[in-house]
Amino acid sequence: MAFTEPKTWTLGTPAVNASDLNTHLRDNLRYLKGLDGVPLIENAIELKDKDGTPVGNVRIKVIDEKVQLRNADDDADVKIAFNSLPTGTGSTEVAIGNHTH
Amino acid sequence: MAWPNPPKTWADDTVPTETEFNEQIRDALRYLKGLDGVPLFEDAIELKDKDGTPVGNLRLKVIDEILQIRNAADDAFKKLKFDSIPVGTGATEVAQGDHTHSLLEDTVDVDVSGAGTGSSLSCYRLSDAISPLGGLDLASITDTYDANSRQVGVAVAKGRPSASAQFKLQLLMGGVVVAESAALGNVDATTVLIYTKVMSGSQTSICRMYNANASFQYIWYSYNEAATTNRGGAVGVGSVRI
């Protein structure tokens, strides 16, 4: 199911009905959890720096079909951990910077 | 709109107001959907392995401003898919592991001994007297090399030292003796030295005949019927760069 624009509750409407809760609460929560397909996030997502002495949160955003990692404060490009890169000498690996020939 | 911090803890028999519903449900959902800005996740986020035979879920976490990809079960580092990495030879690309480099010519230069001005010309054979423990530079070249270049130097000499001489052919590259022959015999022969070296900037290479004796010694070069002749020496350097 698709995400439904969350309802704005107003005075005078029936307090709560089953249909509203199913559509706006259950289905939207299922959507965000990915239970009904790939959840589309309308913006970047920001991950909190979990180090004991954090340096800065990182945002993962898409620009022109490319994933970008940016500092949450100043939008500067930041890095992926080296250990998360497939390094080696194969054709589907990337070379370590200090490699030799 | 901001995330309702913290989300309300509901108690029995509480009648929620429309304001509470809007904050706790509508605004929170809009926040998580990213409709009102960048949603901040307080911890890593975990993505389920969607393969038909899944191996393990992955977590994206940030440590010291660096994104890490970790296995959800044991927190081991996992990789970004190779096809998601900008690979190439550009300044903003990373190199493939099995990449190669092309070698380009940097410089090539040769110097051959010039016309003889030796100490004597006897029987049309030019000879040089070389000082004790001194050297005579038969040929010399000076070139400027690229910072990422490699050189191969060659020194060649042909001649016949005097019987008691202890002449040794030397190849100098960058002002340093990098190769030296054994003492040349009292026969007319050609001697070749070759050496590889890493040099950059302006450097001089020399083919030098060195007199290891403590007295003057002579070397005769090839027979020539002309009134003048050339010394029998040459130096060459080939340089390649990435």
# chains A, B, ... in the order shown; residues from 1 in each chain; ligands from 1

$ residues_around --residues "Glu42 (chain A)" --least-positions-apart "6" --cutoff "9 Å" --atoms "only C-alpha atoms" --output "JSON, numbers by chain"
{"B": [33, 34, 35, 36, 37, 38]}

$ interface_residues --of "chain B" --to "chain A" --cutoff "9 Å" --atoms "only C-alpha atoms" --output "VMD selection string"
chain B and resid 16 to 19 21 to 22 25 to 27 29 to 30 32 to 45 60 to 70 77 to 85 87 94 to 101

$ residues_around --residues "Leu172 (chain B)" --least-positions-apart "5" --cutoff "9 Å" --atoms "only C-alpha atoms" --output "list in words"
Gly153, Ala155, Val177, Val178, Ala179, Glu180, Thr204, Ser205, Ile206, Cys207 and Arg208 of chain B

$ atom_distance --atom1 "CA of Asp106 (chain B)" --atom2 "CA of Gln151 (chain B)"
9.0 Å

$ select_by_dssp --residues "region 24-88 of chain B" --states "alpha helix (DSSP H)" --output "list in words"
Ala28, Leu29, Arg30, Tyr31, Leu32 and Lys33 of chain B

$ decode --residues "region 51-94 of chain A" --atoms "N, CA and C atoms" --output "PDB file, in the first residue's frame"
ATOM      1  N   ASP A  51      29.400   7.580  17.854  1.00  0.00           N
ATOM      2  CA  ASP A  51      30.643   7.465  18.598  1.00  0.00           C
ATOM      3  C   ASP A  51      30.493   8.119  19.978  1.00  0.00           C
ATOM      4  N   GLY A  52      31.329   7.680  20.911  1.00  0.00           N
ATOM      5  CA  GLY A  52      31.287   8.256  22.245  1.00  0.00           C
ATOM      6  C   GLY A  52      31.595   9.740  22.255  1.00  0.00           C
ATOM      7  N   THR A  53      32.455  10.125  21.358  1.00  0.00           N
ATOM      8  CA  THR A  53      32.749  11.546  21.168  1.00  0.00           C
ATOM      9  C   THR A  53      32.389  11.892  19.726  1.00  0.00           C
ATOM     10  N   PRO A  54      31.140  12.104  19.474  1.00  0.00           N
ATOM     11  CA  PRO A  54      30.675  12.276  18.090  1.00  0.00           C
ATOM     12  C   PRO A  54      31.252  13.521  17.434  1.00  0.00           C
ATOM     13  N   VAL A  55      31.464  13.395  16.127  1.00  0.00           N
ATOM     14  CA  VAL A  55      32.005  14.499  15.334  1.00  0.00           C
ATOM     15  C   VAL A  55      30.900  15.180  14.534  1.00  0.00           C
ATOM     16  N   GLY A  56      29.973  14.380  14.023  1.00  0.00           N
ATOM     17  CA  GLY A  56      28.894  14.987  13.243  1.00  0.00           C
ATOM     18  C   GLY A  56      27.971  13.939  12.656  1.00  0.00           C
ATOM     19  N   ASN A  57      26.722  14.278  12.581  1.00  0.00           N
ATOM     20  CA  ASN A  57      25.765  13.375  11.944  1.00  0.00           C
ATOM     21  C   ASN A  57      25.970  13.372  10.434  1.00  0.00           C
ATOM     22  N   VAL A  58      25.516  12.301   9.811  1.00  0.00           N
ATOM     23  CA  VAL A  58      25.682  12.169   8.365  1.00  0.00           C
ATOM     24  C   VAL A  58      24.320  12.001   7.712  1.00  0.00           C
ATOM     25  N   ARG A  59      24.156  12.695   6.603  1.00  0.00           N
ATOM     26  CA  ARG A  59      22.928  12.554   5.821  1.00  0.00           C
ATOM     27  C   ARG A  59      23.224  11.763   4.550  1.00  0.00           C
ATOM     28  N   ILE A  60      22.309  10.879   4.235  1.00  0.00           N
ATOM     29  CA  ILE A  60      22.394  10.115   2.994  1.00  0.00           C
ATOM     30  C   ILE A  60      21.337  10.696   2.065  1.00  0.00           C
ATOM     31  N   LYS A  61      21.789  11.257   0.963  1.00  0.00           N
ATOM     32  CA  LYS A  61      20.845  11.879   0.044  1.00  0.00           C
ATOM     33  C   LYS A  61      21.134  11.430  -1.389  1.00  0.00           C
ATOM     34  N   VAL A  62      20.148  11.602  -2.222  1.00  0.00           N
ATOM     35  CA  VAL A  62      20.301  11.247  -3.636  1.00  0.00           C
ATOM     36  C   VAL A  62      20.196  12.507  -4.469  1.00  0.00           C
ATOM     37  N   ILE A  63      21.225  12.727  -5.304  1.00  0.00           N
ATOM     38  CA  ILE A  63      21.221  13.850  -6.243  1.00  0.00           C
ATOM     39  C   ILE A  63      21.552  13.288  -7.618  1.00  0.00           C
ATOM     40  N   ASP A  64      20.689  13.523  -8.549  1.00  0.00           N
ATOM     41  CA  ASP A  64      20.933  13.045  -9.924  1.00  0.00           C
ATOM     42  C   ASP A  64      21.287  11.553  -9.944  1.00  0.00           C
ATOM     43  N   GLU A  65      20.519  10.795  -9.236  1.00  0.00           N
ATOM     44  CA  GLU A  65      20.640   9.328  -9.246  1.00  0.00           C
ATOM     45  C   GLU A  65      21.927   8.830  -8.585  1.00  0.00           C
ATOM     46  N   LYS A  66      22.572   9.681  -7.813  1.00  0.00           N
ATOM     47  CA  LYS A  66      23.778   9.274  -7.091  1.00  0.00           C
ATOM     48  C   LYS A  66      23.571   9.445  -5.591  1.00  0.00           C
ATOM     49  N   VAL A  67      23.993   8.419  -4.854  1.00  0.00           N
ATOM     50  CA  VAL A  67      23.924   8.511  -3.400  1.00  0.00           C
ATOM     51  C   VAL A  67      25.067   9.409  -2.926  1.00  0.00           C
ATOM     52  N   GLN A  68      24.749  10.335  -2.059  1.00  0.00           N
ATOM     53  CA  GLN A  68      25.772  11.224  -1.514  1.00  0.00           C
ATOM     54  C   GLN A  68      25.731  11.169   0.005  1.00  0.00           C
ATOM     55  N   LEU A  69      26.907  11.274   0.585  1.00  0.00           N
ATOM     56  CA  LEU A  69      27.032  11.316   2.037  1.00  0.00           C
ATOM     57  C   LEU A  69      27.455  12.727   2.421  1.00  0.00           C
ATOM     58  N   ARG A  70      26.686  13.356   3.274  1.00  0.00           N
ATOM     59  CA  ARG A  70      26.952  14.752   3.613  1.00  0.00           C
ATOM     60  C   ARG A  70      26.881  14.969   5.130  1.00  0.00           C
ATOM     61  N   ASN A  71      27.702  15.909   5.560  1.00  0.00           N
ATOM     62  CA  ASN A  71      27.623  16.337   6.943  1.00  0.00           C
ATOM     63  C   ASN A  71      26.277  17.031   7.175  1.00  0.00           C
ATOM     64  N   ALA A  72      25.663  16.725   8.300  1.00  0.00           N
ATOM     65  CA  ALA A  72      24.328  17.250   8.549  1.00  0.00           C
ATOM     66  C   ALA A  72      24.328  18.752   8.806  1.00  0.00           C
ATOM     67  N   ASP A  73      25.429  19.272   9.271  1.00  0.00           N
ATOM     68  CA  ASP A  73      25.467  20.695   9.621  1.00  0.00           C
ATOM     69  C   ASP A  73      25.784  21.591   8.428  1.00  0.00           C
ATOM     70  N   ASP A  74      26.866  21.237   7.707  1.00  0.00           N
ATOM     71  CA  ASP A  74      27.324  22.148   6.654  1.00  0.00           C
ATOM     72  C   ASP A  74      27.195  21.560   5.247  1.00  0.00           C
ATOM     73  N   ASP A  75      26.605  20.368   5.153  1.00  0.00           N
ATOM     74  CA  ASP A  75      26.362  19.729   3.862  1.00  0.00           C
ATOM     75  C   ASP A  75      27.664  19.379   3.126  1.00  0.00           C
ATOM     76  N   ALA A  76      28.787  19.369   3.840  1.00  0.00           N
ATOM     77  CA  ALA A  76      30.057  18.997   3.202  1.00  0.00           C
ATOM     78  C   ALA A  76      30.077  17.491   2.917  1.00  0.00           C
ATOM     79  N   ASP A  77      30.738  17.121   1.831  1.00  0.00           N
ATOM     80  CA  ASP A  77      30.868  15.700   1.528  1.00  0.00           C
ATOM     81  C   ASP A  77      31.663  14.999   2.629  1.00  0.00           C
ATOM     82  N   VAL A  78      31.194  13.848   3.042  1.00  0.00           N
ATOM     83  CA  VAL A  78      31.925  13.018   4.004  1.00  0.00           C
ATOM     84  C   VAL A  78      32.084  11.623   3.417  1.00  0.00           C
ATOM     85  N   LYS A  79      32.806  10.755   4.132  1.00  0.00           N
ATOM     86  CA  LYS A  79      33.265   9.495   3.553  1.00  0.00           C
ATOM     87  C   LYS A  79      32.482   8.284   4.068  1.00  0.00           C
ATOM     88  N   ILE A  80      32.599   7.236   3.276  1.00  0.00           N
ATOM     89  CA  ILE A  80      32.184   5.929   3.751  1.00  0.00           C
ATOM     90  C   ILE A  80      33.412   5.285   4.386  1.00  0.00           C
ATOM     91  N   ALA A  81      33.228   4.424   5.376  1.00  0.00           N
ATOM     92  CA  ALA A  81      34.363   3.785   6.038  1.00  0.00           C
ATOM     93  C   ALA A  81      35.149   2.945   5.028  1.00  0.00           C
ATOM     94  N   PHE A  82      36.458   3.030   5.117  1.00  0.00           N
ATOM     95  CA  PHE A  82      37.310   2.265   4.196  1.00  0.00           C
ATOM     96  C   PHE A  82      36.976   0.785   4.238  1.00  0.00           C
ATOM     97  N   ASN A  83      36.705   0.297   5.449  1.00  0.00           N
ATOM     98  CA  ASN A  83      36.411  -1.131   5.601  1.00  0.00           C
ATOM     99  C   ASN A  83      35.103  -1.542   4.953  1.00  0.00           C
ATOM    100  N   SER A  84      34.312  -0.569   4.523  1.00  0.00           N
ATOM    101  CA  SER A  84      33.069  -0.889   3.837  1.00  0.00           C
ATOM    102  C   SER A  84      33.227  -0.829   2.324  1.00  0.00           C
ATOM    103  N   LEU A  85      34.444  -0.624   1.864  1.00  0.00           N
ATOM    104  CA  LEU A  85      34.716  -0.630   0.425  1.00  0.00           C
ATOM    105  C   LEU A  85      35.300  -1.982   0.028  1.00  0.00           C
ATOM    106  N   PRO A  86      34.893  -2.509  -1.112  1.00  0.00           N
ATOM    107  CA  PRO A  86      35.457  -3.773  -1.584  1.00  0.00           C
ATOM    108  C   PRO A  86      36.829  -3.538  -2.196  1.00  0.00           C
ATOM    109  N   THR A  87      37.883  -3.712  -1.417  1.00  0.00           N
ATOM    110  CA  THR A  87      39.225  -3.447  -1.906  1.00  0.00           C
ATOM    111  C   THR A  87      39.918  -4.732  -2.331  1.00  0.00           C
ATOM    112  N   GLY A  88      40.846  -4.597  -3.264  1.00  0.00           N
ATOM    113  CA  GLY A  88      41.609  -5.749  -3.738  1.00  0.00           C
ATOM    114  C   GLY A  88      42.192  -5.474  -5.104  1.00  0.00           C
ATOM    115  N   THR A  89      42.588  -6.529  -5.768  1.00  0.00           N
ATOM    116  CA  THR A  89      43.210  -6.377  -7.091  1.00  0.00           C
ATOM    117  C   THR A  89      42.352  -6.971  -8.193  1.00  0.00           C
ATOM    118  N   GLY A  90      41.130  -7.331  -7.886  1.00  0.00           N
ATOM    119  CA  GLY A  90      40.247  -7.904  -8.889  1.00  0.00           C
ATOM    120  C   GLY A  90      39.536  -6.845  -9.713  1.00  0.00           C
ATOM    121  N   SER A  91      38.821  -7.299 -10.726  1.00  0.00           N
ATOM    122  CA  SER A  91      38.143  -6.372 -11.627  1.00  0.00           C
ATOM    123  C   SER A  91      36.874  -5.796 -11.007  1.00  0.00           C
ATOM    124  N   THR A  92      36.398  -6.375  -9.919  1.00  0.00           N
ATOM    125  CA  THR A  92      35.225  -5.816  -9.242  1.00  0.00           C
ATOM    126  C   THR A  92      35.603  -5.356  -7.843  1.00  0.00           C
ATOM    127  N   GLU A  93      36.827  -4.890  -7.716  1.00  0.00           N
ATOM    128  CA  GLU A  93      37.313  -4.334  -6.459  1.00  0.00           C
ATOM    129  C   GLU A  93      38.014  -3.013  -6.760  1.00  0.00           C
ATOM    130  N   VAL A  94      38.194  -2.232  -5.736  1.00  0.00           N
ATOM    131  CA  VAL A  94      38.901  -0.967  -5.925  1.00  0.00           C
ATOM    132  C   VAL A  94      40.279  -1.064  -5.290  1.00  0.00           C
TER     133      VAL A  94
END
